[in-house]
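Below is one structure, written out as structure tokens; the observations come after it.
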Amino acid sequence: MTPRDLIAFSAGALRGHRLRSGLSLVGVAIGVASVVVLTSLGEGARLYVTGEFATLGTNLLIIFPGKTETTGMSPFITEAPHDLTLDDADAIARRVRQVRRVAPVVFGGASAQRGERRRDIGVWGATSDMLEVRKIRLRAGRYLPPGEATRGQNVCVIGAKVEQELFGAESPLGQVLRLSDERFRVIGVMAPRGTSMGVDFDEMVHVPVSRAMRMFNKTTLFRILAEVSSHEEIPAARAAVLGILKERHQGAEDVTVWTQDSVLATFSRILALLTAALAGIAAISLTVAGIGIMNVMLVSVSERTREIGLLKAVGVTGRQVVAAFLVEAAILSTAGGVTGLGVAFGATRLLRSLYPSFPAHAPAWAVAAAIGVSLAVGLLFGALPARRASRLDPIAALARR
Amino acid sequence: MAGRDFWKLAWDAVAAHPLRSALTTLGIVIGVASVILLTSLGEGTRRAIASDFLQFGTNVMAIHRGKTTTTGIPGAIAGTVRKLTIEDSEALRRVPGVERVVPVAFGSARIEAGERGRSVVVYGVTSEVPAVWKFEVGQGRFLPAGDPRREAPFAVLGPKAKRELFGEANALGERVRIGTRRFLVVGVMAPKGLMLGFDMDDTAYIPVASAQSLFNTDELVEIDLLFSPGLPPARVKAGVREALLRRHGGEEDFTVTTQTEMQDVLNRVMSVVTLAVGGIGAISLLVGSIGILTMMWISVGERTSEIGLVKAIGATPGQISRLFLLEAALLSLAGGVLGVGAGMAIGAGVAWAVPAVSLHTAPGFVVAALLVSLFVGLASGVLPARRAARLDPLEALRAE
């Protein structure tokens, strides 16, 4: 039997039972489609998070008070004995060569009032450098003026939603906003940005850091953001920052410095694990589909007993019979895999058109893996029926009715 | 056709091809087993977390600063304008029904004893913690009662912190340094383990006023309170809210959460997760049902002449159709029963091998799995059964 005969033989067998073949194919297709859709979702989530981090700014060091040893949540609960101060931020800016800009941050909630309208918002205490460090875009006016961090004026830059809710159609520039009973003049409006990393930027007001510290009656910073001049210098900058802060805090290592890369790596790891777990659960259905193929092939072998007997009688070897049935199983499962991929592509495309901000894309490896795995499923579950066919005794097979 | 003949015919059809029937059933077994296993895992996790909550009793309530209605983490915002203070917590004592109040301030700090040091979570609390949190003191006693506004140089260590700092030696009556201050160790807590992700054993407890000055703040992270068990939580909550509103100039810049509410949120989240994961597992069940459909279809084709004969001697199309439906249902229900068994057996194996995993197979899920497998069988039997019922007896008999 030439390879062409082999394929013709197998394809002919499949065509003979369209519905049966179609159903086996659908089983594999469902399995492959669900695995590919789930990995696409996972990959989309990863890309989404990566994108969010890119908008955060580039080459950032994030400095928290408190040393985290085990739990990842600690930075949010920690108020360590040695807090971060404006002087610490200043020292980093002056003494760490690799750091281009430093933005000290104080964060809190306050109620904003204008006339009769009131709204609870988030207040960032920041400096003029924040504009570059966090890549803030303005829609009108300007950002906080440069100057010494310890001396800030009562000015503020408001988010898009704050503008809309408190000022309506009026232009807010030059107007006065009361933030927890202090008067601030609005000098700028930020472009709408939406929620990034769980923080709604449009419901924020930025004020000079010293003002915010007074408002919240704090002498310490929430965190310090430092922009490093190039990606290669991040490790050196991190070490320098840790060294300076240790020296300033009487030898105690009581701060945590996150680099964007390390945070991103952690997120990616968690997401990859989650994706793998879900895809793995979905892949169980591939096993079930494989069992379905095996079952159909077994039926096919027993139906074609006489045919196989005849083939063997005219000199076809057992190995060729095995090959014929394996090809049949492989055609079935690979066709199912390709169909499943098509369905998955359609589903992710639909998802993208519904949620344009969520980049659900099947990763390239998933496509290759889907085809490969479905082929493997066919070969694996086709093996038993094929062996059974090859072991048929030609005389007995022909004698059977 | 008599009822018994009916069953016998269906069973014979299943038994005539043992391998084929076994493989068809295996598909359903795998599907049902994975659904059972995954939902048991979800339910077990929910119960484990719920029991962490439950030990507090249902008559506790927590107050956090800030008004959060959407995000799940009250207090994630570092500083609101009006803070929760010890005065607030003292005021809550006067609310009818409130029995005990614990003002809480916590943060991480370095604790040192002699040469050894360690960063732990330091809780600033009052003498009432063992009663409100249901924590037990292992050795010595808890912090002494007294005015919560006054600092006092006493500390109680979590068992892990004690072990790390003092080893097997006695810690009671020894001095430790936390931050820049010195404290006398008056007690060691009984082991508590992980709770909601926090290691409750790697901790130190000091009076709340001392913690505030250690962390250089005058506010609290939360206030926990215990109320008389007989009272409806909603009424106590209303009283607490009113008292705080009065103190905060009518502004609701705090969040009161009762134990029941926390459990409700938890239950909702966990059921969604369980359903989602179980649903993904159920894809296998769908594929398994396609397997049944395929095999039943083949079976009808093979038995064409048999069906013709049965029809020729007077069987109605309805009877033929029911026969094939019964066959499909037998296959899938067997798969369902075996699948439930396999899922529970694998679950027991996992629980034995990895004790940290909590599994609980809810009877509701088992019943649902069996019903679904029965339904799946019937649904996938419909098409083949109709094909069989519509066969023309003459044509069918001639088919051979």
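Naming works like this for the structure tokens: A, B, ... for the chains as they're shown, residue 1 at the start of each chain, ligands 1 onward in shown order.
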
Spatial neighbours of B:Arg303, max dist 10 Å, only C-alpha atoms, sep filter under 2 positions, as an NGL selection string: :B and (13 or 298-301 or 305-309 or 388 or 396 or 399-400)

Shell of 12 Å around stretch 278-281 of chain A, only C-alpha atoms, local chain residues under 3 positions omitted, as a PyMOL selection string: (chain A and resi 31-43+271-275+284-288+366+370) or (chain B and resi 30-31+33-35+37-38+273+276-285)

Residue selection dump (C-alpha atoms) as an mmCIF file, in the first residue's frame:
data_model
loop_
_atom_site.group_PDB
_atom_site.id
_atom_site.type_symbol
_atom_site.label_atom_id
_atom_site.label_comp_id
_atom_site.auth_asym_id
_atom_site.auth_seq_id
_atom_site.Cartn_x
_atom_site.Cartn_y
_atom_site.Cartn_z
ATOM 1 C CA GLY A 31 -11.962 20.263 23.936
ATOM 2 C CA VAL A 32 -9.473 22.199 21.835
ATOM 3 C CA ALA A 33 -11.701 25.274 21.635
ATOM 4 C CA SER A 34 -12.167 25.464 25.398
ATOM 5 C CA VAL A 35 -8.451 25.048 26.088
ATOM 6 C CA VAL A 36 -7.511 27.700 23.518
ATOM 7 C CA VAL A 37 -10.188 30.150 24.697
ATOM 8 C CA LEU A 38 -9.069 29.791 28.311
ATOM 9 C CA THR A 39 -5.392 30.297 27.472
ATOM 10 C CA SER A 40 -6.379 33.300 25.370
ATOM 11 C CA LEU A 41 -8.208 34.750 28.354
ATOM 12 C CA GLY A 42 -5.191 34.133 30.561
ATOM 13 C CA GLU A 43 -2.829 35.618 28.007
ATOM 14 C CA LEU A 271 -1.626 34.534 36.030
ATOM 15 C CA ALA A 272 0.353 31.845 34.228
ATOM 16 C CA LEU A 273 -0.373 29.423 37.052
ATOM 17 C CA LEU A 274 -4.060 30.259 36.991
ATOM 18 C CA THR A 275 -4.214 29.908 33.218
ATOM 19 C CA ILE A 284 -9.703 16.771 30.675
ATOM 20 C CA SER A 285 -12.379 17.038 27.992
ATOM 21 C CA LEU A 286 -9.700 16.187 25.405
ATOM 22 C CA THR A 287 -9.179 12.867 27.164
ATOM 23 C CA VAL A 288 -12.896 12.235 26.997
ATOM 24 C CA ALA A 366 -1.253 27.599 22.007
ATOM 25 C CA ALA A 370 -3.631 22.618 20.020
ATOM 26 C CA ILE B 30 -14.347 11.321 33.777
ATOM 27 C CA GLY B 31 -16.652 14.280 33.285
ATOM 28 C CA ALA B 33 -15.616 12.850 38.501
ATOM 29 C CA SER B 34 -13.890 16.089 37.536
ATOM 30 C CA VAL B 35 -16.997 18.145 38.263
ATOM 31 C CA LEU B 37 -13.759 16.872 42.510
ATOM 32 C CA LEU B 38 -13.637 20.541 41.539
ATOM 33 C CA VAL B 273 -15.605 30.570 41.731
ATOM 34 C CA ALA B 276 -16.995 28.682 37.151
ATOM 35 C CA VAL B 277 -14.454 25.966 37.829
ATOM 36 C CA GLY B 278 -17.145 23.282 37.951
ATOM 37 C CA GLY B 279 -18.508 24.629 34.687
ATOM 38 C CA ILE B 280 -15.158 24.314 32.959
ATOM 39 C CA GLY B 281 -14.963 20.774 34.307
ATOM 40 C CA ALA B 282 -18.427 20.121 32.882
ATOM 41 C CA ILE B 283 -17.102 20.620 29.341
ATOM 42 C CA SER B 284 -15.830 17.042 29.673
ATOM 43 C CA LEU B 285 -19.365 15.974 30.454
#

Every residue of stretch 16-226 of chain B that DSSP places in strand (DSSP E or B), as a PDB file with N, CA and C atoms, in the first residue's frame:
ATOM      1  N   VAL B  60     -20.128  39.481  66.533  1.00  0.00           N
ATOM      2  CA  VAL B  60     -19.061  40.474  66.488  1.00  0.00           C
ATOM      3  C   VAL B  60     -19.261  41.350  65.272  1.00  0.00           C
ATOM      4  N   MET B  61     -18.585  42.473  65.284  1.00  0.00           N
ATOM      5  CA  MET B  61     -18.745  43.434  64.208  1.00  0.00           C
ATOM      6  C   MET B  61     -17.463  44.239  64.156  1.00  0.00           C
ATOM      7  N   ALA B  62     -17.101  44.691  62.974  1.00  0.00           N
ATOM      8  CA  ALA B  62     -15.857  45.440  62.827  1.00  0.00           C
ATOM      9  C   ALA B  62     -16.152  46.790  62.199  1.00  0.00           C
ATOM     10  N   ILE B  63     -15.421  47.796  62.636  1.00  0.00           N
ATOM     11  CA  ILE B  63     -15.585  49.134  62.072  1.00  0.00           C
ATOM     12  C   ILE B  63     -14.250  49.545  61.464  1.00  0.00           C
ATOM     13  N   HIS B  64     -14.277  49.946  60.208  1.00  0.00           N
ATOM     14  CA  HIS B  64     -13.087  50.446  59.537  1.00  0.00           C
ATOM     15  C   HIS B  64     -13.298  51.894  59.168  1.00  0.00           C
ATOM     16  N   ARG B  65     -12.187  52.589  58.985  1.00  0.00           N
ATOM     17  CA  ARG B  65     -12.311  53.981  58.545  1.00  0.00           C
ATOM     18  C   ARG B  65     -12.605  53.998  57.056  1.00  0.00           C
ATOM     19  N   THR B  80      -7.841  58.917  56.016  1.00  0.00           N
ATOM     20  CA  THR B  80      -8.996  59.744  55.708  1.00  0.00           C
ATOM     21  C   THR B  80      -8.908  60.983  56.568  1.00  0.00           C
ATOM     22  N   VAL B  98     -23.780  46.595  73.282  1.00  0.00           N
ATOM     23  CA  VAL B  98     -22.350  46.370  73.068  1.00  0.00           C
ATOM     24  C   VAL B  98     -21.718  45.911  74.374  1.00  0.00           C
ATOM     25  N   GLU B  99     -21.042  44.775  74.351  1.00  0.00           N
ATOM     26  CA  GLU B  99     -20.467  44.239  75.578  1.00  0.00           C
ATOM     27  C   GLU B  99     -18.989  44.547  75.727  1.00  0.00           C
ATOM     28  N   ARG B 100     -18.265  44.323  74.639  1.00  0.00           N
ATOM     29  CA  ARG B 100     -16.835  44.570  74.706  1.00  0.00           C
ATOM     30  C   ARG B 100     -16.369  45.265  73.439  1.00  0.00           C
ATOM     31  N   VAL B 101     -15.351  46.117  73.580  1.00  0.00           N
ATOM     32  CA  VAL B 101     -14.836  46.856  72.430  1.00  0.00           C
ATOM     33  C   VAL B 101     -13.315  46.745  72.407  1.00  0.00           C
ATOM     34  N   VAL B 102     -12.769  46.428  71.245  1.00  0.00           N
ATOM     35  CA  VAL B 102     -11.306  46.388  71.123  1.00  0.00           C
ATOM     36  C   VAL B 102     -10.865  47.377  70.047  1.00  0.00           C
ATOM     37  N   PRO B 103     -10.182  48.457  70.445  1.00  0.00           N
ATOM     38  CA  PRO B 103      -9.582  49.322  69.446  1.00  0.00           C
ATOM     39  C   PRO B 103      -8.305  48.649  68.923  1.00  0.00           C
ATOM     40  N   VAL B 104      -8.109  48.649  67.609  1.00  0.00           N
ATOM     41  CA  VAL B 104      -6.957  47.936  67.040  1.00  0.00           C
ATOM     42  C   VAL B 104      -6.106  48.873  66.199  1.00  0.00           C
ATOM     43  N   ALA B 105      -4.822  48.899  66.480  1.00  0.00           N
ATOM     44  CA  ALA B 105      -3.860  49.580  65.614  1.00  0.00           C
ATOM     45  C   ALA B 105      -2.784  48.552  65.339  1.00  0.00           C
ATOM     46  N   PHE B 106      -2.441  48.328  64.090  1.00  0.00           N
ATOM     47  CA  PHE B 106      -1.349  47.370  63.877  1.00  0.00           C
ATOM     48  C   PHE B 106      -0.434  47.801  62.755  1.00  0.00           C
ATOM     49  N   GLY B 107       0.725  47.206  62.741  1.00  0.00           N
ATOM     50  CA  GLY B 107       1.716  47.507  61.728  1.00  0.00           C
ATOM     51  C   GLY B 107       2.851  46.529  61.927  1.00  0.00           C
ATOM     52  N   SER B 108       3.822  46.566  61.064  1.00  0.00           N
ATOM     53  CA  SER B 108       4.933  45.647  61.296  1.00  0.00           C
ATOM     54  C   SER B 108       6.066  46.411  61.955  1.00  0.00           C
ATOM     55  N   ALA B 109       6.734  45.746  62.850  1.00  0.00           N
ATOM     56  CA  ALA B 109       7.842  46.394  63.544  1.00  0.00           C
ATOM     57  C   ALA B 109       8.869  45.332  63.911  1.00  0.00           C
ATOM     58  N   ARG B 110      10.075  45.778  64.204  1.00  0.00           N
ATOM     59  CA  ARG B 110      11.118  44.845  64.572  1.00  0.00           C
ATOM     60  C   ARG B 110      11.084  44.642  66.081  1.00  0.00           C
ATOM     61  N   ILE B 111      11.131  43.381  66.465  1.00  0.00           N
ATOM     62  CA  ILE B 111      11.115  43.094  67.894  1.00  0.00           C
ATOM     63  C   ILE B 111      12.417  42.394  68.232  1.00  0.00           C
ATOM     64  N   GLU B 112      13.049  42.819  69.329  1.00  0.00           N
ATOM     65  CA  GLU B 112      14.367  42.281  69.661  1.00  0.00           C
ATOM     66  C   GLU B 112      14.401  41.795  71.101  1.00  0.00           C
ATOM     67  N   ALA B 113      15.088  40.672  71.297  1.00  0.00           N
ATOM     68  CA  ALA B 113      15.320  40.176  72.650  1.00  0.00           C
ATOM     69  C   ALA B 113      16.759  39.708  72.690  1.00  0.00           C
ATOM     70  N   ARG B 116      18.763  38.425  69.474  1.00  0.00           N
ATOM     71  CA  ARG B 116      17.882  38.023  68.375  1.00  0.00           C
ATOM     72  C   ARG B 116      16.843  39.090  68.052  1.00  0.00           C
ATOM     73  N   GLY B 117      16.561  39.209  66.777  1.00  0.00           N
ATOM     74  CA  GLY B 117      15.555  40.176  66.354  1.00  0.00           C
ATOM     75  C   GLY B 117      14.715  39.607  65.240  1.00  0.00           C
ATOM     76  N   ARG B 118      13.554  40.180  65.011  1.00  0.00           N
ATOM     77  CA  ARG B 118      12.623  39.638  64.031  1.00  0.00           C
ATOM     78  C   ARG B 118      11.573  40.687  63.712  1.00  0.00           C
ATOM     79  N   SER B 119      11.189  40.740  62.412  1.00  0.00           N
ATOM     80  CA  SER B 119      10.099  41.640  62.036  1.00  0.00           C
ATOM     81  C   SER B 119       8.783  40.899  62.184  1.00  0.00           C
ATOM     82  N   VAL B 120       7.909  41.422  63.004  1.00  0.00           N
ATOM     83  CA  VAL B 120       6.622  40.760  63.194  1.00  0.00           C
ATOM     84  C   VAL B 120       5.507  41.780  63.033  1.00  0.00           C
ATOM     85  N   VAL B 121       4.276  41.278  62.981  1.00  0.00           N
ATOM     86  CA  VAL B 121       3.128  42.185  62.988  1.00  0.00           C
ATOM     87  C   VAL B 121       2.804  42.494  64.446  1.00  0.00           C
ATOM     88  N   VAL B 122       2.816  43.778  64.781  1.00  0.00           N
ATOM     89  CA  VAL B 122       2.529  44.182  66.147  1.00  0.00           C
ATOM     90  C   VAL B 122       1.101  44.722  66.214  1.00  0.00           C
ATOM     91  N   TYR B 123       0.276  44.120  67.091  1.00  0.00           N
ATOM     92  CA  TYR B 123      -1.098  44.561  67.261  1.00  0.00           C
ATOM     93  C   TYR B 123      -1.192  45.396  68.524  1.00  0.00           C
ATOM     94  N   GLY B 124      -1.709  46.618  68.375  1.00  0.00           N
ATOM     95  CA  GLY B 124      -2.025  47.413  69.544  1.00  0.00           C
ATOM     96  C   GLY B 124      -3.477  47.163  69.889  1.00  0.00           C
ATOM     97  N   VAL B 125      -3.719  46.560  71.072  1.00  0.00           N
ATOM     98  CA  VAL B 125      -5.073  46.145  71.430  1.00  0.00           C
ATOM     99  C   VAL B 125      -5.332  46.412  72.913  1.00  0.00           C
ATOM    100  N   VAL B 137      -4.782  32.291  75.579  1.00  0.00           N
ATOM    101  CA  VAL B 137      -3.443  32.536  76.073  1.00  0.00           C
ATOM    102  C   VAL B 137      -2.843  31.194  76.459  1.00  0.00           C
ATOM    103  N   GLY B 138      -1.635  30.888  75.981  1.00  0.00           N
ATOM    104  CA  GLY B 138      -1.021  29.597  76.272  1.00  0.00           C
ATOM    105  C   GLY B 138      -0.296  29.603  77.599  1.00  0.00           C
ATOM    106  N   GLN B 139       0.286  30.747  77.915  1.00  0.00           N
ATOM    107  CA  GLN B 139       1.192  30.813  79.058  1.00  0.00           C
ATOM    108  C   GLN B 139       1.103  32.212  79.637  1.00  0.00           C
ATOM    109  N   GLY B 140       1.094  32.333  80.956  1.00  0.00           N
ATOM    110  CA  GLY B 140       1.005  33.660  81.550  1.00  0.00           C
ATOM    111  C   GLY B 140      -0.386  34.223  81.385  1.00  0.00           C
ATOM    112  N   PHE B 154       3.808  46.508  78.542  1.00  0.00           N
ATOM    113  CA  PHE B 154       3.600  45.063  78.587  1.00  0.00           C
ATOM    114  C   PHE B 154       3.397  44.527  77.180  1.00  0.00           C
ATOM    115  N   ALA B 155       3.892  43.312  76.962  1.00  0.00           N
ATOM    116  CA  ALA B 155       3.716  42.692  75.648  1.00  0.00           C
ATOM    117  C   ALA B 155       3.335  41.234  75.811  1.00  0.00           C
ATOM    118  N   VAL B 156       2.534  40.732  74.870  1.00  0.00           N
ATOM    119  CA  VAL B 156       2.214  39.305  74.807  1.00  0.00           C
ATOM    120  C   VAL B 156       2.687  38.837  73.445  1.00  0.00           C
ATOM    121  N   LEU B 157       3.397  37.699  73.406  1.00  0.00           N
ATOM    122  CA  LEU B 157       3.970  37.241  72.140  1.00  0.00           C
ATOM    123  C   LEU B 157       3.148  36.110  71.537  1.00  0.00           C
ATOM    124  N   ARG B 175      12.440  40.844  79.028  1.00  0.00           N
ATOM    125  CA  ARG B 175      12.176  42.120  78.360  1.00  0.00           C
ATOM    126  C   ARG B 175      12.456  42.005  76.868  1.00  0.00           C
ATOM    127  N   VAL B 176      11.624  42.661  76.058  1.00  0.00           N
ATOM    128  CA  VAL B 176      11.872  42.725  74.615  1.00  0.00           C
ATOM    129  C   VAL B 176      11.879  44.190  74.205  1.00  0.00           C
ATOM    130  N   ARG B 177      12.553  44.470  73.092  1.00  0.00           N
ATOM    131  CA  ARG B 177      12.525  45.831  72.580  1.00  0.00           C
ATOM    132  C   ARG B 177      11.720  45.845  71.281  1.00  0.00           C
ATOM    133  N   ILE B 178      10.741  46.707  71.201  1.00  0.00           N
ATOM    134  CA  ILE B 178       9.969  46.865  69.967  1.00  0.00           C
ATOM    135  C   ILE B 178      10.159  48.302  69.537  1.00  0.00           C
ATOM    136  N   ARG B 181      11.281  51.062  72.138  1.00  0.00           N
ATOM    137  CA  ARG B 181      10.764  50.936  73.499  1.00  0.00           C
ATOM    138  C   ARG B 181      10.994  49.547  74.089  1.00  0.00           C
ATOM    139  N   ARG B 182      10.935  49.486  75.406  1.00  0.00           N
ATOM    140  CA  ARG B 182      11.097  48.210  76.089  1.00  0.00           C
ATOM    141  C   ARG B 182       9.757  47.749  76.649  1.00  0.00           C
ATOM    142  N   PHE B 183       9.533  46.465  76.544  1.00  0.00           N
ATOM    143  CA  PHE B 183       8.275  45.889  77.032  1.00  0.00           C
ATOM    144  C   PHE B 183       8.579  44.654  77.869  1.00  0.00           C
ATOM    145  N   LEU B 184       7.731  44.413  78.850  1.00  0.00           N
ATOM    146  CA  LEU B 184       7.856  43.223  79.682  1.00  0.00           C
ATOM    147  C   LEU B 184       6.910  42.158  79.130  1.00  0.00           C
ATOM    148  N   VAL B 185       7.444  40.957  78.869  1.00  0.00           N
ATOM    149  CA  VAL B 185       6.598  39.895  78.327  1.00  0.00           C
ATOM    150  C   VAL B 185       5.753  39.305  79.458  1.00  0.00           C
ATOM    151  N   VAL B 186       4.421  39.425  79.347  1.00  0.00           N
ATOM    152  CA  VAL B 186       3.558  38.903  80.413  1.00  0.00           C
ATOM    153  C   VAL B 186       2.832  37.629  79.986  1.00  0.00           C
ATOM    154  N   GLY B 187       2.857  37.311  78.693  1.00  0.00           N
ATOM    155  CA  GLY B 187       2.143  36.109  78.271  1.00  0.00           C
ATOM    156  C   GLY B 187       2.568  35.652  76.883  1.00  0.00           C
ATOM    157  N   VAL B 188       2.257  34.399  76.592  1.00  0.00           N
ATOM    158  CA  VAL B 188       2.485  33.843  75.254  1.00  0.00           C
ATOM    159  C   VAL B 188       1.164  33.228  74.806  1.00  0.00           C
ATOM    160  N   MET B 189       0.761  33.538  73.561  1.00  0.00           N
ATOM    161  CA  MET B 189      -0.524  33.038  73.069  1.00  0.00           C
ATOM    162  C   MET B 189      -0.426  31.550  72.717  1.00  0.00           C
ATOM    163  N   LEU B 194      -2.447  29.935  60.507  1.00  0.00           N
ATOM    164  CA  LEU B 194      -2.777  30.932  59.497  1.00  0.00           C
ATOM    165  C   LEU B 194      -4.243  31.288  59.580  1.00  0.00           C
ATOM    166  N   MET B 195      -4.539  32.567  59.474  1.00  0.00           N
ATOM    167  CA  MET B 195      -5.936  32.950  59.404  1.00  0.00           C
ATOM    168  C   MET B 195      -6.108  33.959  58.300  1.00  0.00           C
ATOM    169  N   PHE B 198      -2.984  35.511  57.121  1.00  0.00           N
ATOM    170  CA  PHE B 198      -2.056  36.116  58.059  1.00  0.00           C
ATOM    171  C   PHE B 198      -1.589  35.057  59.058  1.00  0.00           C
ATOM    172  N   ASP B 199      -0.296  35.059  59.329  1.00  0.00           N
ATOM    173  CA  ASP B 199       0.218  34.138  60.323  1.00  0.00           C
ATOM    174  C   ASP B 199      -0.043  34.749  61.695  1.00  0.00           C
ATOM    175  N   THR B 203       3.391  37.141  65.867  1.00  0.00           N
ATOM    176  CA  THR B 203       2.835  38.441  66.224  1.00  0.00           C
ATOM    177  C   THR B 203       3.266  38.843  67.617  1.00  0.00           C
ATOM    178  N   ALA B 204       3.019  40.104  67.942  1.00  0.00           N
ATOM    179  CA  ALA B 204       3.163  40.568  69.315  1.00  0.00           C
ATOM    180  C   ALA B 204       1.993  41.488  69.608  1.00  0.00           C
ATOM    181  N   TYR B 205       1.484  41.442  70.838  1.00  0.00           N
ATOM    182  CA  TYR B 205       0.367  42.298  71.232  1.00  0.00           C
ATOM    183  C   TYR B 205       0.856  43.264  72.290  1.00  0.00           C
ATOM    184  N   ILE B 206       0.572  44.546  72.111  1.00  0.00           N
ATOM    185  CA  ILE B 206       0.933  45.542  73.116  1.00  0.00           C
ATOM    186  C   ILE B 206      -0.277  46.454  73.302  1.00  0.00           C
ATOM    187  N   PRO B 207      -0.311  47.230  74.376  1.00  0.00           N
ATOM    188  CA  PRO B 207      -1.454  48.128  74.571  1.00  0.00           C
ATOM    189  C   PRO B 207      -1.592  49.084  73.391  1.00  0.00           C
ATOM    190  N   GLU B 222      -8.827  49.528  62.991  1.00  0.00           N
ATOM    191  CA  GLU B 222     -10.212  49.078  63.071  1.00  0.00           C
ATOM    192  C   GLU B 222     -10.651  49.007  64.523  1.00  0.00           C
ATOM    193  N   ILE B 223     -11.959  48.914  64.702  1.00  0.00           N
ATOM    194  CA  ILE B 223     -12.509  48.676  66.037  1.00  0.00           C
ATOM    195  C   ILE B 223     -13.334  47.400  65.944  1.00  0.00           C
ATOM    196  N   ASP B 224     -13.054  46.457  66.817  1.00  0.00           N
ATOM    197  CA  ASP B 224     -13.844  45.230  66.835  1.00  0.00           C
ATOM    198  C   ASP B 224     -14.726  45.264  68.066  1.00  0.00           C
ATOM    199  N   LEU B 225     -15.968  44.844  67.922  1.00  0.00           N
ATOM    200  CA  LEU B 225     -16.782  44.799  69.133  1.00  0.00           C
ATOM    201  C   LEU B 225     -17.646  43.549  69.206  1.00  0.00           C
ATOM    202  N   LEU B 226     -17.984  43.222  70.450  1.00  0.00           N
ATOM    203  CA  LEU B 226     -18.762  42.034  70.741  1.00  0.00           C
ATOM    204  C   LEU B 226     -20.071  42.518  71.345  1.00  0.00           C
TER     205      LEU B 226
END

A:Ser302 environment, 12 Å, only C-alpha atoms, sequence neighbours closer than 3 positions dropped, as a list of chain:residue names: A:Asn295, A:Val296, A:Met297, A:Leu298, A:Val299, A:Thr305, A:Arg306, A:Glu307, A:Ile308, A:Gly309, A:Pro385, A:Ala386, A:Arg388, A:Ala389, A:Ser390, A:Leu392, A:Ala397, A:Arg400, A:Arg401, B:His17, B:Arg20, B:Glu302

DSSP alpha helix (DSSP H) residues within stretch 110-274 of chain A, listed as a VMD selection string: chain A and resid 130 to 133 160 to 167 209 to 215 234 to 248 260 to 274
